[in-house]
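See below for structure_19.txt, which holds compact mmCIF, C-alpha atoms.
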# COMPACT_ATOMS: atom_id res chain seq x y z
CA MET A 1 -67.73 10.76 -76.10
CA SER A 2 -64.30 9.08 -75.99
CA ALA A 3 -63.78 5.35 -76.55
CA VAL A 4 -62.76 5.12 -72.89
CA GLN A 5 -66.06 6.59 -71.71
CA GLU A 6 -67.97 4.18 -73.95
CA LYS A 7 -66.33 1.23 -72.16
CA CYS A 8 -67.29 2.53 -68.70
CA VAL A 9 -70.66 2.24 -67.02
CA THR A 10 -70.83 4.83 -64.24
CA LEU A 11 -73.09 4.38 -61.23
CA ALA A 12 -73.21 7.43 -58.99
CA SER A 13 -75.01 8.47 -55.83
CA LYS A 14 -77.72 11.06 -56.53
CA HIS A 15 -76.90 13.21 -53.52
CA PRO A 16 -73.81 14.08 -51.50
CA VAL A 17 -73.25 12.02 -48.37
CA GLU A 18 -71.38 12.54 -45.15
CA PRO A 19 -67.91 10.93 -45.24
CA ALA A 20 -69.00 8.41 -42.59
CA ARG A 21 -71.64 7.08 -45.04
CA VAL A 22 -69.30 6.57 -48.00
CA GLU A 23 -68.81 2.83 -47.54
CA ASP A 24 -72.57 2.28 -47.22
CA ASP A 25 -73.16 4.17 -50.49
CA LEU A 26 -70.45 2.20 -52.29
CA THR A 27 -72.03 -1.06 -51.11
CA SER A 28 -75.38 0.15 -52.44
CA LEU A 29 -73.85 0.99 -55.83
CA TRP A 30 -72.20 -2.43 -55.90
CA ARG A 31 -75.60 -4.07 -55.36
CA GLN A 32 -77.09 -1.99 -58.18
CA ALA A 33 -74.27 -3.11 -60.48
CA GLY A 34 -74.87 -6.74 -59.50
CA ASP A 35 -78.62 -6.54 -60.10
CA ALA A 36 -78.07 -4.97 -63.53
CA ALA A 37 -75.50 -7.62 -64.45
CA GLN A 38 -77.89 -10.41 -63.42
CA LYS A 39 -80.63 -8.95 -65.62
CA GLU A 40 -78.22 -8.80 -68.57
CA GLY A 41 -77.13 -12.41 -68.00
CA ARG A 42 -73.57 -11.46 -67.04
CA GLY A 43 -73.50 -13.28 -63.70
CA ASN A 44 -72.11 -11.75 -60.55
CA VAL A 45 -70.15 -8.51 -60.51
CA THR A 46 -66.57 -8.78 -59.29
CA ARG A 47 -64.35 -6.02 -57.97
CA ALA A 48 -60.72 -5.25 -58.78
CA CYS A 49 -58.50 -2.80 -56.90
CA LEU A 50 -54.70 -2.45 -56.99
CA TRP A 51 -54.05 1.10 -55.75
CA ASN A 52 -55.46 3.90 -53.67
CA LEU A 53 -55.13 7.05 -55.81
CA VAL A 54 -55.40 10.30 -53.87
CA VAL A 55 -55.94 13.07 -56.44
CA TYR A 56 -55.20 16.58 -55.20
CA ASN A 57 -57.15 18.76 -57.60
CA PRO A 58 -57.55 22.39 -56.49
CA ARG A 59 -58.06 23.57 -60.11
CA PRO A 60 -60.38 21.04 -61.79
CA HIS A 61 -60.25 22.78 -65.19
CA LYS A 62 -56.62 21.83 -65.83
CA LYS A 63 -56.14 20.12 -69.22
CA PHE A 64 -54.03 17.01 -69.70
CA LYS A 65 -52.53 15.80 -72.99
CA ASP A 66 -52.81 12.86 -75.30
CA ALA A 67 -49.85 11.59 -77.34
CA SER A 68 -50.46 14.22 -80.05
CA GLY A 69 -50.60 17.10 -77.58
CA HIS A 70 -54.39 17.63 -77.61
CA GLY A 71 -55.94 18.48 -74.27
CA TYR A 72 -58.57 16.63 -72.27
CA GLY A 73 -59.97 16.76 -68.76
CA LEU A 74 -59.28 15.03 -65.47
CA ARG A 75 -62.40 12.87 -65.81
CA ARG A 76 -61.07 11.21 -68.98
CA LEU A 77 -57.57 10.89 -67.50
CA LEU A 78 -58.86 8.92 -64.52
CA ASP A 79 -61.15 6.79 -66.70
CA GLU A 80 -58.17 5.85 -68.90
CA VAL A 81 -56.00 5.06 -65.87
CA ILE A 82 -58.51 2.66 -64.31
CA LEU A 83 -58.82 0.70 -67.57
CA SER A 84 -55.32 -0.66 -66.90
CA LEU A 85 -55.03 0.03 -63.18
CA PRO A 86 -58.12 -0.72 -61.05
CA ALA A 87 -58.15 1.70 -58.14
CA ARG A 88 -60.05 3.50 -55.43
CA ILE A 89 -59.82 7.19 -56.31
CA LEU A 90 -60.12 9.88 -53.66
CA ARG A 91 -60.45 13.31 -55.27
CA LEU A 92 -59.64 16.20 -52.92
CA GLU A 93 -61.33 19.41 -54.06
CA PHE A 94 -62.36 22.79 -52.73
CA ALA A 95 -66.03 23.74 -53.09
CA GLU A 96 -66.44 27.01 -54.98
CA SER A 97 -68.80 28.34 -52.32
CA LYS A 98 -70.31 27.33 -49.01
CA GLN A 99 -73.68 26.94 -50.77
CA VAL A 100 -72.38 23.86 -52.61
CA LEU A 101 -72.34 21.95 -49.31
CA PRO A 102 -75.37 21.25 -47.08
CA ALA A 103 -75.96 23.68 -44.22
CA GLY A 104 -73.57 23.22 -41.33
CA LYS A 105 -71.23 20.87 -43.21
CA ASP A 106 -67.58 21.64 -43.93
CA ALA A 107 -66.93 18.41 -45.86
CA MET A 108 -69.13 16.16 -48.01
CA ALA A 109 -68.57 13.33 -50.48
CA TRP A 110 -69.94 12.33 -53.86
CA VAL A 111 -69.57 8.61 -54.60
CA ALA A 112 -69.39 6.71 -57.92
CA ALA A 113 -68.43 3.27 -59.19
CA LYS A 114 -66.96 2.53 -62.63
CA CYS A 115 -68.00 -0.79 -64.16
CA LEU A 116 -66.17 -2.34 -67.12
CA ASP A 117 -66.73 -5.46 -69.18
CA ALA A 118 -64.15 -8.06 -68.20
CA PRO A 119 -63.00 -11.02 -70.39
CA GLY A 120 -65.72 -13.64 -70.83
CA GLY A 121 -68.54 -11.10 -70.76
CA LYS A 122 -68.43 -10.66 -66.99
CA ARG A 123 -68.75 -7.20 -65.45
CA GLN A 124 -66.15 -5.87 -63.06
CA ILE A 125 -65.92 -2.78 -60.86
CA HIS A 126 -62.58 -1.27 -61.86
CA GLY A 127 -62.89 2.06 -60.12
CA GLU A 128 -64.46 3.46 -56.98
CA GLU A 129 -64.41 7.24 -56.90
CA ILE A 130 -64.94 9.32 -53.80
CA ASN A 131 -65.03 13.05 -54.48
CA LEU A 132 -64.34 14.89 -51.21
CA GLN A 133 -65.18 18.59 -51.18
CA VAL A 134 -64.40 21.03 -48.39
CA HIS A 135 -64.91 24.75 -47.91
CA GLY A 136 -63.38 27.52 -45.87
CA LYS A 137 -59.87 28.49 -44.81
CA SER A 138 -59.53 25.48 -42.54
CA GLY A 139 -61.48 23.12 -44.80
CA ASP A 140 -58.42 21.37 -46.19
CA SER A 141 -57.36 20.40 -42.65
CA HIS A 142 -60.00 17.66 -42.94
CA PHE A 143 -58.27 15.99 -45.89
CA PRO A 144 -55.59 13.88 -44.13
CA SER A 145 -58.00 12.30 -41.64
CA LEU A 146 -60.65 11.71 -44.32
CA VAL A 147 -58.09 10.06 -46.58
CA ARG A 148 -56.91 7.77 -43.79
CA ALA A 149 -60.48 6.74 -43.02
CA LEU A 150 -61.42 6.00 -46.64
CA LEU A 151 -58.34 4.15 -47.90
CA GLN A 152 -58.59 0.53 -48.97
CA PRO A 153 -56.38 -1.27 -46.44
CA SER A 154 -53.32 -3.30 -47.47
CA LEU A 155 -53.03 -1.55 -50.84
CA PRO A 156 -50.34 0.96 -51.87
CA ILE A 157 -51.21 4.66 -51.83
CA ALA A 158 -50.28 7.19 -54.51
CA LEU A 159 -50.76 10.94 -54.36
CA LEU A 160 -51.42 12.50 -57.77
CA GLY A 161 -50.61 16.22 -57.86
CA LEU A 162 -50.37 16.63 -61.63
CA ASP A 163 -51.72 20.17 -61.59
CA ASP A 164 -50.50 21.36 -58.22
CA LEU A 165 -49.72 20.17 -54.70
CA PRO A 166 -50.25 21.94 -51.39
CA HIS A 167 -47.48 24.31 -50.46
CA GLU A 168 -45.27 23.54 -47.49
CA GLY A 169 -47.12 22.99 -44.28
CA TRP A 170 -48.91 20.50 -42.10
CA MET A 171 -51.27 19.13 -44.77
CA LEU A 172 -48.50 18.50 -47.31
CA GLU A 173 -46.42 16.74 -44.66
CA GLN A 174 -49.39 14.55 -43.68
CA LEU A 175 -50.18 13.59 -47.29
CA LEU A 176 -46.54 12.85 -48.15
CA ASN A 177 -46.20 10.65 -45.07
CA LEU A 178 -49.29 8.68 -46.06
CA CYS A 179 -48.18 7.82 -49.58
CA ASP A 180 -45.95 5.16 -51.09
CA ARG A 181 -45.60 7.17 -54.31
CA VAL A 182 -46.15 10.80 -55.30
CA LEU A 183 -46.79 11.69 -58.95
CA VAL A 184 -46.15 15.28 -60.03
CA ASP A 185 -45.75 17.07 -63.35
CA SER A 186 -42.87 19.53 -63.61
CA GLN A 187 -44.34 20.71 -66.93
CA SER A 188 -47.72 21.66 -65.46
CA ASN A 189 -46.74 25.33 -65.50
CA GLU A 190 -43.90 27.44 -66.79
CA TYR A 191 -42.62 28.72 -63.46
CA ASP A 192 -39.19 27.73 -62.22
CA CYS A 193 -40.47 27.35 -58.66
CA ASN A 194 -42.28 24.20 -59.81
CA LEU A 195 -38.91 22.42 -60.01
CA GLU A 196 -37.80 23.92 -56.71
CA ARG A 197 -40.93 22.60 -55.03
CA ILE A 198 -40.49 19.14 -56.56
CA TYR A 199 -36.91 19.16 -55.27
CA GLU A 200 -38.28 19.93 -51.79
CA TYR A 201 -40.77 17.06 -52.11
CA GLN A 202 -37.88 14.77 -53.05
CA GLN A 203 -36.02 15.84 -49.92
CA SER A 204 -39.11 15.22 -47.76
CA ALA A 205 -40.06 11.89 -49.35
CA PRO A 206 -36.90 10.40 -50.92
CA GLY A 207 -37.57 7.50 -53.24
CA HIS A 208 -41.27 8.30 -53.58
CA ILE A 209 -41.37 11.07 -56.23
CA VAL A 210 -42.28 10.35 -59.86
CA ASP A 211 -42.33 13.22 -62.36
CA ILE A 212 -44.29 12.60 -65.56
CA GLY A 213 -42.62 15.71 -67.02
CA TRP A 214 -39.34 13.77 -66.72
CA MET A 215 -40.96 10.68 -68.24
CA ARG A 216 -42.01 12.70 -71.31
CA LEU A 217 -38.30 13.18 -71.98
CA THR A 218 -37.68 9.45 -72.46
CA PRO A 219 -37.90 9.43 -76.31
CA VAL A 220 -35.63 12.48 -76.63
CA ARG A 221 -33.13 11.10 -74.10
CA TYR A 222 -33.07 7.83 -76.03
CA LEU A 223 -32.33 9.66 -79.31
CA LEU A 224 -29.63 11.82 -77.72
CA ALA A 225 -27.95 8.77 -76.19
CA GLY A 226 -28.09 7.09 -79.62
CA PHE A 227 -25.84 9.83 -81.05
CA PHE A 228 -23.03 8.59 -78.80
CA ASP A 229 -23.44 4.81 -78.97
CA SER A 230 -20.23 4.01 -80.85
CA PRO A 231 -16.85 4.19 -79.03
CA HIS A 232 -15.67 7.13 -81.18
CA GLN A 233 -18.82 9.15 -80.58
CA ALA A 234 -18.89 8.27 -76.87
CA ALA A 235 -15.41 9.80 -76.53
CA GLN A 236 -16.89 13.08 -77.81
CA LEU A 237 -18.82 13.47 -74.57
CA LYS A 238 -15.53 14.28 -72.84
CA ARG A 239 -14.94 17.06 -75.39
CA ILE A 240 -18.21 18.98 -75.01
CA GLU A 241 -17.72 22.65 -75.94
CA HIS A 242 -21.26 24.01 -75.81
CA ILE A 243 -24.84 22.88 -75.06
CA ALA A 244 -27.85 24.93 -76.22
CA VAL A 245 -31.53 24.11 -75.68
CA GLU A 246 -34.51 26.03 -77.03
CA ALA A 247 -37.93 25.48 -75.43
CA THR A 248 -41.41 26.94 -75.35
CA PRO A 249 -42.49 28.84 -72.21
CA GLY A 250 -44.38 25.73 -71.09
CA GLY A 251 -41.34 23.51 -71.70
CA GLN A 252 -38.62 25.32 -69.79
CA ASN A 253 -38.88 23.09 -66.71
CA THR A 254 -38.53 20.05 -68.97
CA ALA A 255 -35.56 21.72 -70.67
CA LEU A 256 -33.89 22.29 -67.29
CA LEU A 257 -34.36 18.62 -66.41
CA LEU A 258 -32.86 17.63 -69.77
CA LEU A 259 -29.84 19.84 -69.11
CA GLY A 260 -29.60 18.37 -65.61
CA TRP A 261 -29.59 14.85 -67.07
CA LEU A 262 -26.99 15.70 -69.75
CA LEU A 263 -24.62 17.41 -67.33
CA SER A 264 -24.91 14.93 -64.46
CA SER A 265 -24.63 11.90 -66.78
CA CYS A 266 -21.42 13.28 -68.28
CA GLY A 267 -19.91 14.26 -64.93
CA PHE A 268 -20.26 18.04 -65.45
CA SER A 269 -22.70 18.83 -62.65
CA ARG A 270 -20.68 21.75 -61.25
CA VAL A 271 -22.38 24.90 -62.57
CA SER A 272 -22.22 28.65 -62.10
CA GLY A 273 -24.26 31.48 -63.61
CA SER A 274 -23.07 33.47 -66.60
CA ARG A 275 -24.46 36.87 -67.59
CA ALA A 276 -26.49 37.20 -70.79
CA PRO A 277 -26.78 40.98 -71.33
CA GLY A 278 -29.86 42.18 -73.21
CA ARG A 279 -31.47 38.72 -73.46
CA LYS A 280 -34.35 38.30 -71.05
CA ASP A 281 -35.41 35.15 -72.84
CA SER A 282 -32.04 33.43 -72.31
CA ARG A 283 -30.15 31.91 -69.41
CA ARG A 284 -26.49 31.02 -69.49
CA TRP A 285 -24.23 29.00 -67.26
CA GLN A 286 -20.70 27.70 -67.11
CA ALA A 287 -20.54 23.96 -66.49
CA GLY A 288 -17.61 21.65 -66.09
CA ASN A 289 -15.50 19.44 -63.91
CA GLY A 290 -12.23 20.60 -62.39
CA SER A 291 -10.51 23.19 -64.57
CA ARG A 292 -12.52 22.30 -67.71
CA ARG A 293 -15.45 24.70 -68.36
CA PHE A 294 -17.92 25.25 -71.21
CA PRO A 295 -21.05 27.38 -71.77
CA VAL A 296 -24.60 26.06 -71.42
CA GLU A 297 -27.58 28.06 -72.70
CA LEU A 298 -31.37 27.81 -72.41
CA ARG A 299 -33.47 30.01 -74.67
CA VAL A 300 -37.24 30.28 -74.21
CA ARG A 301 -39.34 31.28 -77.22
CA LYS A 302 -42.64 30.54 -78.90
CA GLY A 303 -42.58 27.71 -81.42
CA GLU A 304 -43.57 24.13 -82.22
CA GLY A 305 -42.42 22.29 -79.14
CA GLY A 306 -44.36 19.03 -79.15
CA VAL A 307 -45.70 17.49 -75.94
CA ASP A 308 -42.40 18.00 -74.08
CA GLY A 309 -42.09 21.68 -75.01
CA LEU A 310 -38.60 21.28 -76.53
CA ILE A 311 -37.83 23.02 -79.84
CA ARG A 312 -34.14 22.36 -80.48
CA ILE A 313 -31.22 20.69 -78.68
CA THR A 314 -27.67 21.25 -79.91
CA ILE A 315 -24.52 19.72 -78.44
CA THR A 316 -21.16 20.87 -79.80
CA ALA A 317 -18.35 18.44 -78.98
CA GLY A 318 -14.90 17.98 -80.51
CA GLY A 319 -15.72 20.49 -83.25
CA GLU A 320 -18.85 18.57 -84.34
CA GLN A 321 -22.53 19.32 -83.83
CA TYR A 322 -25.32 16.98 -82.74
CA THR A 323 -28.83 18.42 -83.13
CA ILE A 324 -32.40 17.31 -82.47
CA ARG A 325 -35.05 19.70 -83.81
CA GLN A 326 -38.82 19.49 -83.39
CA VAL A 327 -40.58 19.14 -86.76
CA ASP A 328 -44.18 18.84 -85.53
CA ALA A 329 -46.06 17.63 -82.45
CA GLY A 330 -44.97 14.00 -82.89
CA HIS A 331 -41.72 14.12 -84.94
CA VAL A 332 -38.16 15.44 -84.74
CA SER A 333 -35.25 15.65 -87.14
CA LEU A 334 -31.75 14.38 -86.28
CA ASP A 335 -28.53 15.94 -87.55
CA ALA A 336 -25.13 14.51 -86.54
CA PRO A 337 -21.86 13.76 -88.37
CA HIS A 338 -22.82 10.09 -88.70
CA ARG A 339 -26.62 10.40 -88.88
CA LYS A 340 -29.11 12.63 -90.70
CA ASP A 341 -32.81 11.82 -90.44
CA GLY A 342 -35.36 14.32 -91.68
CA LYS A 343 -38.29 12.97 -89.67
CA VAL A 344 -38.26 10.56 -86.72
CA ASP A 345 -41.37 9.48 -84.79
CA LEU A 346 -41.07 10.36 -81.10
CA ASN A 347 -43.54 7.64 -80.03
CA GLY A 348 -44.83 9.83 -77.24
CA TRP A 349 -47.35 8.80 -74.58
CA SER A 350 -50.51 10.39 -73.25
CA ASP A 351 -50.59 11.71 -69.70
CA ALA A 352 -52.77 8.74 -68.69
CA GLU A 353 -50.17 6.29 -70.04
CA LEU A 354 -47.44 8.17 -68.17
CA VAL A 355 -49.42 7.95 -64.93
CA ILE A 356 -49.87 4.19 -65.39
CA ALA A 357 -46.16 3.75 -66.12
CA GLY A 358 -45.25 5.95 -63.15
CA LEU A 359 -47.18 3.64 -60.85
CA GLY A 360 -45.44 0.56 -62.25
CA ALA A 361 -42.29 -1.20 -61.16
CA GLN A 362 -40.05 1.19 -63.14
CA GLY A 363 -41.71 4.36 -61.87
CA ILE A 364 -38.90 5.29 -59.47
CA ASP A 365 -35.89 6.35 -61.56
CA PRO A 366 -32.55 7.18 -59.85
CA LYS A 367 -31.53 9.15 -62.96
CA PHE A 368 -34.42 11.52 -62.32
CA VAL A 369 -33.04 12.32 -58.85
CA GLU A 370 -29.62 13.15 -60.34
CA ALA A 371 -31.18 15.27 -63.09
CA LEU A 372 -33.44 17.09 -60.61
CA HIS A 373 -30.52 17.93 -58.31
CA CYS A 374 -28.52 19.35 -61.21
CA ALA A 375 -31.52 21.23 -62.66
CA THR A 376 -32.10 22.79 -59.24
CA ALA A 377 -28.43 23.80 -59.12
CA LEU A 378 -28.91 25.53 -62.50
CA LEU A 379 -31.90 27.45 -61.14
CA ARG A 380 -30.00 28.54 -58.06
CA ALA A 381 -26.74 29.44 -59.82
CA LYS A 382 -26.09 33.18 -59.63
CA ALA A 383 -24.34 35.11 -62.41
CA ARG A 384 -20.77 36.07 -61.66

Could you show the structure in this file as structure tokens?
Amino acid sequence: MSAVQEKCVTLASKHPVEPARVEDDLTSLWRQAGDAAQKEGRGNVTRACLWNLVVYNPRPHKKFKDASGHGYGLRRLLDEVILSLPARILRLEFAESKQVLPAGKDAMAWVAAKCLDAPGGKRQIHGEEINLQVHGKSGDSHFPSLVRALLQPSLPIALLGLDDLPHEGWMLEQLLNLCDRVLVDSQSNEYDCNLERIYEYQQSAPGHIVDIGWMRLTPVRYLLAGFFDSPHQAAQLKRIEHIAVEATPGGQNTALLLLGWLLSSCGFSRVSGSRAPGRKDSRRWQAGNGSRRFPVELRVRKGEGGVDGLIRITITAGGEQYTIRQVDAGHVSLDAPHRKDGKVDLNGWSDAELVIAGLGAQGIDPKFVEALHCATALLRAKAR
């Protein structure tokens, strides 16, 4: 049992209920929590709620990561989130078979309340969880109306699609229109279309998209920017001759975002494809601005990539090389003309910490939009 689970007292309904009965069941659980607190001498139970979190979870066995890269489940992720961010959680899931639901029902709900010890020994309900399950080809058509009916009014709404989101269509449009913020993870699989889909979400809901795959890049972006802090080194960015990134199969979307950030930040967002004969594991482009062009390469291979999936980043500029190389899950080495560090702590964050940060005031990052646009241009660039 994790330390997070030890801090939580979970009260759950014993049987599924119809969605129309959800509020009644939550009230009943609240009374149970209050009675238990009175018996323990804790006084009345209070309730905290800052967000509505709509969790789209078609594959509930997806593993999330802690800061060291070890996996854990959705249950622990949500428990960690509500420690810092009290919320009503609506989990949208597909029942594995019709037999899971009572006869004649296409949608049912399982209800739970998460109680935590607040300062002063009081007990507080930090999380209300409503697990909505549907079945059948048209089952998911119930989700938008159910979500609308079960939201806590006057609170912001976030859609968490960290494993996947519905493909284009009516339901996706309805969910995007409901939400003030949409959290996705471009690193949740190794397929390029993941970035393409996130780009489409950004077009449909501008200013609402937060990518925790992008947020994982923060330590590496900080270290790369540090190479070019001084005036002399900053001038080198205008003399870039070559950029090469190596990533694991699970890190190639993150690598594309990193390249998008590097190129767009330096004003080299015009890209075209370049052939790489005999190398199925490599992609090459020509990037530049005006008449100035230079090669950019992404190589995908197995290796120690840390939580962001990056293995090595090398920038050649003005005849000098600037390299960040992954040493182990939490450390990198730095090699530049003015700096050589054998082991630097990346100070990475767990997925739960990234979700919490993504829902904060700094969650919307204009730099991400620029990086995403350039990364999408890299994906779409055809070899000439």

- Message: Is it possible to get the residues within 8 Å of (-31.3, 11.2, -65.7) (coordinates as in the file, counting all atoms listed in the file) written as an NGL selection string?
- Response: :A and (258 or 260-262 or 264-265 or 365-371)

- Among the residues A:Leu354, A:Leu132, A:Asp35, A:Ser274, the one that comes closest to Ser145 of chain A [using only C-alpha atoms]: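 That would be A:Leu132, the residue with the smallest distance to Ser145 of chain A.
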
- Message: List the spatial neighbours of Arg181 of chain A as a VMD selection string - criterion: any atom at most 12 Å away, all atoms listed in the file, same-chain residues fewer than 2 positions off excluded.
- Response: chain A and resid 51 to 54 155 to 161 175 to 179 183 to 184 201 to 202 205 to 211 355 358 to 361 363 to 364

- Message: Measuring between all atoms listed in the file, which one of A:Ala336, A:Leu90, A:Ala20, A:Ala255 shows the shortest distance to Glu297 of chain A?
- Response: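 Going through A:Ala336, A:Leu90, A:Ala20, A:Ala255 one by one, the smallest distance to Glu297 of chain A is for A:Ala255.
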
- Task: Grab the atom CA of Leu256 of chain A to atom CA of Asp345 of chain A distance for me, in Å with one decimal place.
- Result: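 If I compute the distance from atom CA of Leu256 of chain A to atom CA of Asp345 of chain A, I get 22.9 Å.
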
- Task: Choose the residue, out of A:Thr254, A:Asn289, A:Asn57, A:Ser186, that has the smallest atom-to-atom separation from Val220 of chain A; count all atoms listed in the file.
- Result: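 Selected residue with least distance to Val220 of chain A: A:Thr254.
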
- Query: In Å, with one decimal, what is the gap from atom CA of His167 of chain A to atom CA of Ala95 of chain A?
  - Reply: 18.7 Å

- Message: List the spatial neighbours of Glu196 of chain A as an MDAnalysis selection string - criterion: any atom at most 10 Å away, all atoms listed in the file, same-chain residues fewer than 6 positions off excluded.
- Response: chainID A and resid 186 202 372:373 375:377 379:380

Would you write out those residues with C-alpha atoms, as a PDB file, keeping the file's coordinate frame?
ATOM      1  CA  SER A 186     -42.870  19.530 -63.610  1.00  0.00           C
ATOM      2  CA  GLN A 202     -37.880  14.770 -53.050  1.00  0.00           C
ATOM      3  CA  LEU A 372     -33.440  17.090 -60.610  1.00  0.00           C
ATOM      4  CA  HIS A 373     -30.520  17.930 -58.310  1.00  0.00           C
ATOM      5  CA  ALA A 375     -31.520  21.230 -62.660  1.00  0.00           C
ATOM      6  CA  THR A 376     -32.100  22.790 -59.240  1.00  0.00           C
ATOM      7  CA  ALA A 377     -28.430  23.800 -59.120  1.00  0.00           C
ATOM      8  CA  LEU A 379     -31.900  27.450 -61.140  1.00  0.00           C
ATOM      9  CA  ARG A 380     -30.000  28.540 -58.060  1.00  0.00           C
TER      10      ARG A 380
END

- atom CA of Leu298 of chain A and atom CA of Ile324 of chain A, how far apart in Å?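 Spanning atom CA of Ile324 of chain A to atom CA of Leu298 of chain A is a straight-line distance of 14.6 Å.
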
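When all atoms listed in the file are used to measure the gap to Gln174 of chain A, the shortest distance among A:Phe143, A:Leu162, A:Glu200, A:Leu29 belongs to A:Phe143.
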
- Query: Which is closer to Lys65 of chain A than all the others in A:Gly41, A:Gly306, A:Gly273, A:Gly288, using all atoms listed in the file?
  - Reply: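 Smallest distance to Lys65 of chain A is found for A:Gly306.
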
Determine the axis-aligned bounding box of all atoms of segment 294-313 of chain A present in the file, pad each side by 6 Å, and express its centre and edge lengths in Å to one decimal place as JSON.
{"center_x": -31.8, "center_y": 24.4, "center_z": -76.7, "size_x": 39.8, "size_y": 25.8, "size_z": 23.0}

- Task: For each of A:Ala12, A:Leu346, A:Ile198, A:Ala287, take the minimum atom-to-atom distance to Ile240 of chain A, counting all atoms listed in the file, then give the residue where this is smallest.
- Result: A:Ala287
